[in-house]
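Student: To start, I am sharing the structure in question, which I have written as structure tokens.
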Amino acid sequence: MNFPEPHYIETNGITMAVYEQGPKDGMPVVLCHGWPELAYSWRHQIPALAAAGFRVIAPDQRGYGNTGGPKGKENVALYDIEHLAGDLMGLLDALGIGKAVFCGHDWGGIVVWQAALLHPDRMKGVIGVNTPFIPRLTMDPIAAMRAVYGDDMYIVFFQKFGEAEKRLGADTARALRFFYRRSGVTMKEWEALPAEAKNLAFLEALKSPESEWRGKPLLNEEELAYYTAAFDKTGWEGGINWYRNFTRNWEKSEGLTQKVNVPGLMISAADDVVLSPAMAEGMEKYVPDLEKHIIPDCGHWTQAEQPEALNALMVDWLKRRFG
């Protein structure tokens, strides 16, 4: 696959790798990846959006791929939402762009919805792929997740600095093969499982034999090699540090308006058991100008599982709303 070569910009104290395609005078669309992902996760969307006339900009975000990030326990706070959103504003500044449409998947979705609250003057619109706008909780989100799922739930487990990095980095390719799989279960089947089977204890499940992993592998050899090289180079710490700021982000967001005042597109995946379509119910209260879709037969990795369906929804909405 002809993935664009990166160019590098300075933003917010880091050097960021940026992958671009499409006409320079096209409307800018910034694609923000999640965990454990890269700009490369948008490899099926970048050419389709560029062919539709948009200037497509996909960064490796702080701590990922060819973009550096500070290491060490003392620097965890440098991965909070203000830094992650600030990186994207610095990206626009470096490219001489005033406003853009921001699209995010998984953690990238959290970043773009929150960036719309923190930097509303830089937003033309927001697209959430699997990730809905989640209003500020009434309690610390880590405490809430621990109460529902227990200590082995992956996000709760990630709070122990150094533990998950070590386990995932021991065999990066195996870890990536574990995560990058089709759902292997419909939402209806998932909901029927006993509670202990739904504890999202991914780091425990990773220990089980590969033959027992649910769902079919999603990546071909070339794709797996690309991700493996990137995570072997950078390590897992930077990306996991995003999770270690859930409490800090919650504390710092007290009093922040919870309304997104630009057009929004929410694309859910019918069989994503981590970010279910049900989580997007009621979003209109916080994103008044919202259009919603659900892609059938699709798990968490929407960009790779159903690329044509995702591309069609994105291009159609972008053309209608921003022509």
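Residues are named by chain letter and number: chains run A, B, ... in the order of the structure tokens, numbers start at 1 in each chain, and ligands are numbered from 1 in the order shown.
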Enumerate, in order of chain and increasing residue number, the residues of region 21-100 of chain A with an atom no farther than 6 Å from region 239-245 of chain A, each with its shortest atom pair and distance in Å to one decimal, counting only C-alpha atoms, as CSV.

Tutor:
```
residue,atom,partner,partner_atom,distance
A:Gly63,CA,A:Gly239,CA,5.7
A:Val76,CA,A:Asn241,CA,5.7
A:Tyr79,CA,A:Trp242,CA,5.4
A:Asp80,CA,A:Asn245,CA,5.3
```

Student: Do you have the CA of Ile97 (chain A)-CA of Asn12 (chain A) distance handy?

Tutor: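 Between these atoms lies a distance of 15.9 Å.
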
Student: Can you tell me how far CA of Pro59 (chain A) sits from CA of His7 (chain A), in Å to one decimal?

Tutor: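 Result for CA of Pro59 (chain A) versus CA of His7 (chain A): 9.6 Å, one decimal.
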
Student: Looking only at alpha helix (DSSP H) from DSSP on the backbone, list the matching residues of region 92-313 of chain A as an MDAnalysis selection string.

Tutor: chainID A and resid 92:95 107:118 141:149 154:157 163:169 172:179 187:192 202:205 221:234 237:243 246:252 302:305 307:313

Student: Please list as a count of residues only every residue within 9 Å of Ile46 (chain A), counting only C-alpha atoms and excluding residues in the same chain fewer than 4 positions away.

Tutor: 11

Student: Give me the residues of region 13-42 of chain A that have any atom at most 6 Å from an atom of region 104-109 of chain A; for each, the nearest atom pair and the distance in Å, rounded to one decimal. Use only C-alpha atoms, sort by chain and number, and format it as a tab-separated table.

Tutor:
```
residue	atom	partner	partner_atom	distance
A:Leu31	CA	A:Gly104	CA	5.9
A:Cys32	CA	A:Gly104	CA	4.6
A:His33	CA	A:Gly108	CA	4.8
A:Gly34	CA	A:Trp107	CA	4.2
```

Student: I want to know what sits within 7 Å of region 119-122 of chain A, based on only C-alpha atoms, with residues of the same chain fewer than 2 positions away left out; could you give that as number ranges by chain?

Tutor: A: 98-100, 115-117, 124

Student: For region 258-267 of chain A, please output as number ranges by chain all residues within 8 Å (counting only C-alpha atoms; exclusion window: fewer than 5 positions along the same chain).

Tutor: A: 113, 116-117, 120, 123-132, 135-136, 280, 285-295, 310, 317, 321

Student: Convert the current residue selection to file output with N, CA and C atoms, as a PDB file, in the first residue's frame.

Tutor:
```pdb
ATOM      1  N   TRP A 113     -13.378  15.212  20.582  1.00  0.00           N
ATOM      2  CA  TRP A 113     -14.580  15.769  21.230  1.00  0.00           C
ATOM      3  C   TRP A 113     -14.189  16.762  22.325  1.00  0.00           C
ATOM      4  N   ALA A 116     -12.952  20.049  20.972  1.00  0.00           N
ATOM      5  CA  ALA A 116     -14.051  20.937  20.565  1.00  0.00           C
ATOM      6  C   ALA A 116     -14.533  21.795  21.728  1.00  0.00           C
ATOM      7  N   LEU A 117     -14.356  21.309  22.959  1.00  0.00           N
ATOM      8  CA  LEU A 117     -14.703  22.106  24.139  1.00  0.00           C
ATOM      9  C   LEU A 117     -13.582  23.071  24.503  1.00  0.00           C
ATOM     10  N   PRO A 120     -12.846  25.640  20.694  1.00  0.00           N
ATOM     11  CA  PRO A 120     -13.979  25.678  19.752  1.00  0.00           C
ATOM     12  C   PRO A 120     -13.725  26.551  18.528  1.00  0.00           C
ATOM     13  N   MET A 123     -12.407  24.635  15.308  1.00  0.00           N
ATOM     14  CA  MET A 123     -13.193  23.492  14.834  1.00  0.00           C
ATOM     15  C   MET A 123     -14.196  23.890  13.762  1.00  0.00           C
ATOM     16  N   LYS A 124     -14.178  23.166  12.633  1.00  0.00           N
ATOM     17  CA  LYS A 124     -15.269  23.271  11.652  1.00  0.00           C
ATOM     18  C   LYS A 124     -16.344  22.234  11.965  1.00  0.00           C
ATOM     19  N   GLY A 125     -15.913  21.060  12.360  1.00  0.00           N
ATOM     20  CA  GLY A 125     -16.824  19.975  12.676  1.00  0.00           C
ATOM     21  C   GLY A 125     -16.054  18.852  13.333  1.00  0.00           C
ATOM     22  N   VAL A 126     -16.792  17.876  13.878  1.00  0.00           N
ATOM     23  CA  VAL A 126     -16.171  16.749  14.571  1.00  0.00           C
ATOM     24  C   VAL A 126     -16.837  15.451  14.116  1.00  0.00           C
ATOM     25  N   ILE A 127     -15.998  14.444  13.839  1.00  0.00           N
ATOM     26  CA  ILE A 127     -16.484  13.101  13.516  1.00  0.00           C
ATOM     27  C   ILE A 127     -15.970  12.142  14.582  1.00  0.00           C
ATOM     28  N   GLY A 128     -16.887  11.428  15.224  1.00  0.00           N
ATOM     29  CA  GLY A 128     -16.503  10.369  16.150  1.00  0.00           C
ATOM     30  C   GLY A 128     -16.693   9.024  15.480  1.00  0.00           C
ATOM     31  N   VAL A 129     -15.615   8.257  15.376  1.00  0.00           N
ATOM     32  CA  VAL A 129     -15.703   6.898  14.833  1.00  0.00           C
ATOM     33  C   VAL A 129     -15.639   5.945  16.028  1.00  0.00           C
ATOM     34  N   ASN A 130     -16.750   5.327  16.342  1.00  0.00           N
ATOM     35  CA  ASN A 130     -16.948   4.444  17.494  1.00  0.00           C
ATOM     36  C   ASN A 130     -17.046   5.212  18.813  1.00  0.00           C
ATOM     37  N   THR A 131     -16.291   6.297  18.956  1.00  0.00           N
ATOM     38  CA  THR A 131     -16.223   7.025  20.222  1.00  0.00           C
ATOM     39  C   THR A 131     -17.242   8.155  20.260  1.00  0.00           C
ATOM     40  N   PRO A 132     -18.220   8.081  21.168  1.00  0.00           N
ATOM     41  CA  PRO A 132     -19.184   9.171  21.289  1.00  0.00           C
ATOM     42  C   PRO A 132     -18.634  10.304  22.147  1.00  0.00           C
ATOM     43  N   PRO A 135     -20.063  13.044  28.263  1.00  0.00           N
ATOM     44  CA  PRO A 135     -20.063  14.199  29.167  1.00  0.00           C
ATOM     45  C   PRO A 135     -19.307  13.887  30.458  1.00  0.00           C
ATOM     46  N   ARG A 136     -18.876  14.935  31.136  1.00  0.00           N
ATOM     47  CA  ARG A 136     -18.106  14.778  32.369  1.00  0.00           C
ATOM     48  C   ARG A 136     -18.892  13.952  33.386  1.00  0.00           C
ATOM     49  N   ALA A 280     -23.790   6.094  22.510  1.00  0.00           N
ATOM     50  CA  ALA A 280     -24.057   7.338  21.773  1.00  0.00           C
ATOM     51  C   ALA A 280     -25.496   7.816  21.941  1.00  0.00           C
ATOM     52  N   LYS A 285     -28.052  15.912  23.177  1.00  0.00           N
ATOM     53  CA  LYS A 285     -28.141  16.903  24.264  1.00  0.00           C
ATOM     54  C   LYS A 285     -26.861  17.737  24.342  1.00  0.00           C
ATOM     55  N   TYR A 286     -25.730  17.108  23.987  1.00  0.00           N
ATOM     56  CA  TYR A 286     -24.424  17.762  24.093  1.00  0.00           C
ATOM     57  C   TYR A 286     -23.883  18.214  22.742  1.00  0.00           C
ATOM     58  N   VAL A 287     -24.364  17.573  21.677  1.00  0.00           N
ATOM     59  CA  VAL A 287     -23.959  17.928  20.307  1.00  0.00           C
ATOM     60  C   VAL A 287     -25.255  18.160  19.529  1.00  0.00           C
ATOM     61  N   PRO A 288     -25.835  19.354  19.621  1.00  0.00           N
ATOM     62  CA  PRO A 288     -27.173  19.583  19.050  1.00  0.00           C
ATOM     63  C   PRO A 288     -27.263  19.338  17.547  1.00  0.00           C
ATOM     64  N   ASP A 289     -26.200  19.679  16.805  1.00  0.00           N
ATOM     65  CA  ASP A 289     -26.206  19.492  15.350  1.00  0.00           C
ATOM     66  C   ASP A 289     -25.501  18.176  15.038  1.00  0.00           C
ATOM     67  N   LEU A 290     -26.221  17.073  15.263  1.00  0.00           N
ATOM     68  CA  LEU A 290     -25.600  15.750  15.193  1.00  0.00           C
ATOM     69  C   LEU A 290     -26.316  14.835  14.215  1.00  0.00           C
ATOM     70  N   GLU A 291     -25.515  14.103  13.432  1.00  0.00           N
ATOM     71  CA  GLU A 291     -26.022  13.037  12.563  1.00  0.00           C
ATOM     72  C   GLU A 291     -25.397  11.733  13.043  1.00  0.00           C
ATOM     73  N   LYS A 292     -26.211  10.665  13.119  1.00  0.00           N
ATOM     74  CA  LYS A 292     -25.718   9.398  13.658  1.00  0.00           C
ATOM     75  C   LYS A 292     -25.946   8.243  12.687  1.00  0.00           C
ATOM     76  N   HIS A 293     -24.978   7.339  12.645  1.00  0.00           N
ATOM     77  CA  HIS A 293     -25.082   6.126  11.831  1.00  0.00           C
ATOM     78  C   HIS A 293     -24.493   4.949  12.602  1.00  0.00           C
ATOM     79  N   ILE A 294     -24.963   3.756  12.285  1.00  0.00           N
ATOM     80  CA  ILE A 294     -24.389   2.525  12.834  1.00  0.00           C
ATOM     81  C   ILE A 294     -23.996   1.628  11.666  1.00  0.00           C
ATOM     82  N   ILE A 295     -22.738   1.205  11.638  1.00  0.00           N
ATOM     83  CA  ILE A 295     -22.260   0.301  10.586  1.00  0.00           C
ATOM     84  C   ILE A 295     -22.473  -1.140  11.057  1.00  0.00           C
ATOM     85  N   LEU A 310     -17.332   3.101   5.993  1.00  0.00           N
ATOM     86  CA  LEU A 310     -16.883   4.272   6.751  1.00  0.00           C
ATOM     87  C   LEU A 310     -16.541   5.422   5.811  1.00  0.00           C
ATOM     88  N   TRP A 317     -21.057  13.057   4.325  1.00  0.00           N
ATOM     89  CA  TRP A 317     -21.332  14.099   5.332  1.00  0.00           C
ATOM     90  C   TRP A 317     -20.450  15.331   5.112  1.00  0.00           C
ATOM     91  N   ARG A 321     -22.098  18.924   4.329  1.00  0.00           N
ATOM     92  CA  ARG A 321     -22.018  19.963   5.353  1.00  0.00           C
ATOM     93  C   ARG A 321     -20.998  21.057   5.045  1.00  0.00           C
TER      94      ARG A 321
END
```

Student: List as JSON lines every residue of region 134-189 of chain A that is in contact with region 193-201 of chain A, defined as an atom at most 8 Å from one of its atoms (using only C-alpha atoms), together with the nearest atom pair and the distance in Å rounded to one decimal, sorted by chain and then rising number.

Tutor:
```
{"residue": "A:Tyr149", "atom": "CA", "partner": "A:Asn199", "partner_atom": "CA", "distance": 5.1}
{"residue": "A:Gly150", "atom": "CA", "partner": "A:Asn199", "partner_atom": "CA", "distance": 7.3}
{"residue": "A:Asp152", "atom": "CA", "partner": "A:Ala201", "partner_atom": "CA", "distance": 5.0}
{"residue": "A:Met153", "atom": "CA", "partner": "A:Ala201", "partner_atom": "CA", "distance": 4.4}
{"residue": "A:Tyr154", "atom": "CA", "partner": "A:Ala201", "partner_atom": "CA", "distance": 5.3}
{"residue": "A:Glu189", "atom": "CA", "partner": "A:Leu193", "partner_atom": "CA", "distance": 6.7}
```

Student: Within 9 Å of region 248-254 of chain A, which residues of region 29-94 of chain A come that close, and what is the closest atom pair and distance in Å for each? Count only C-alpha atoms and give it as a tab-separated table.

Tutor:
```
residue	atom	partner	partner_atom	distance
A:Ala77	CA	A:Arg248	CA	7.9
A:Asp80	CA	A:Asn249	CA	6.3
A:Ile81	CA	A:Asn249	CA	6.1
A:Glu82	CA	A:Asn249	CA	8.1
```

Student: Using DSSP on the backbone coordinates, identify the residues of region 99-322 of chain A assigned to strand (DSSP E); present them as a ChimeraX atom specification.

Tutor: /A:100-105,123-129,264-269,290-295

Student: Return the single residue from A:Ala175, A:Ala170, A:Leu84, A:Leu218 that is closest to Gln303 (chain A), with distances computed using only C-alpha atoms.

Tutor: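 The closest residue to Gln303 (chain A) is A:Leu218.
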
Student: I'd like the neighbourhood of Trp236 (chain A) as a VMD selection string, where a residue qualifies if any of its atoms comes within 10 Å (using only C-alpha atoms), though same-chain residues fewer than 6 positions away should be ignored.

Tutor: chain A and resid 35 to 36 63 to 64 162 164 to 169 172 230

Student: May I ask which of the residues A:Leu91, A:Glu281, A:Phe161, A:Arg55 is the closest one to Gly72 (chain A), counting only C-alpha atoms?

Tutor: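 Ranked by minimum distance to Gly72 (chain A), first place goes to A:Phe161.
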
Student: In Å, rounded to a single decimal, give me how far CA of Lys319 (chain A) is from CA of Ala270 (chain A).

Tutor: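 Answer for the CA of Ala270 (chain A) to CA of Lys319 (chain A) separation: 24.7 Å.
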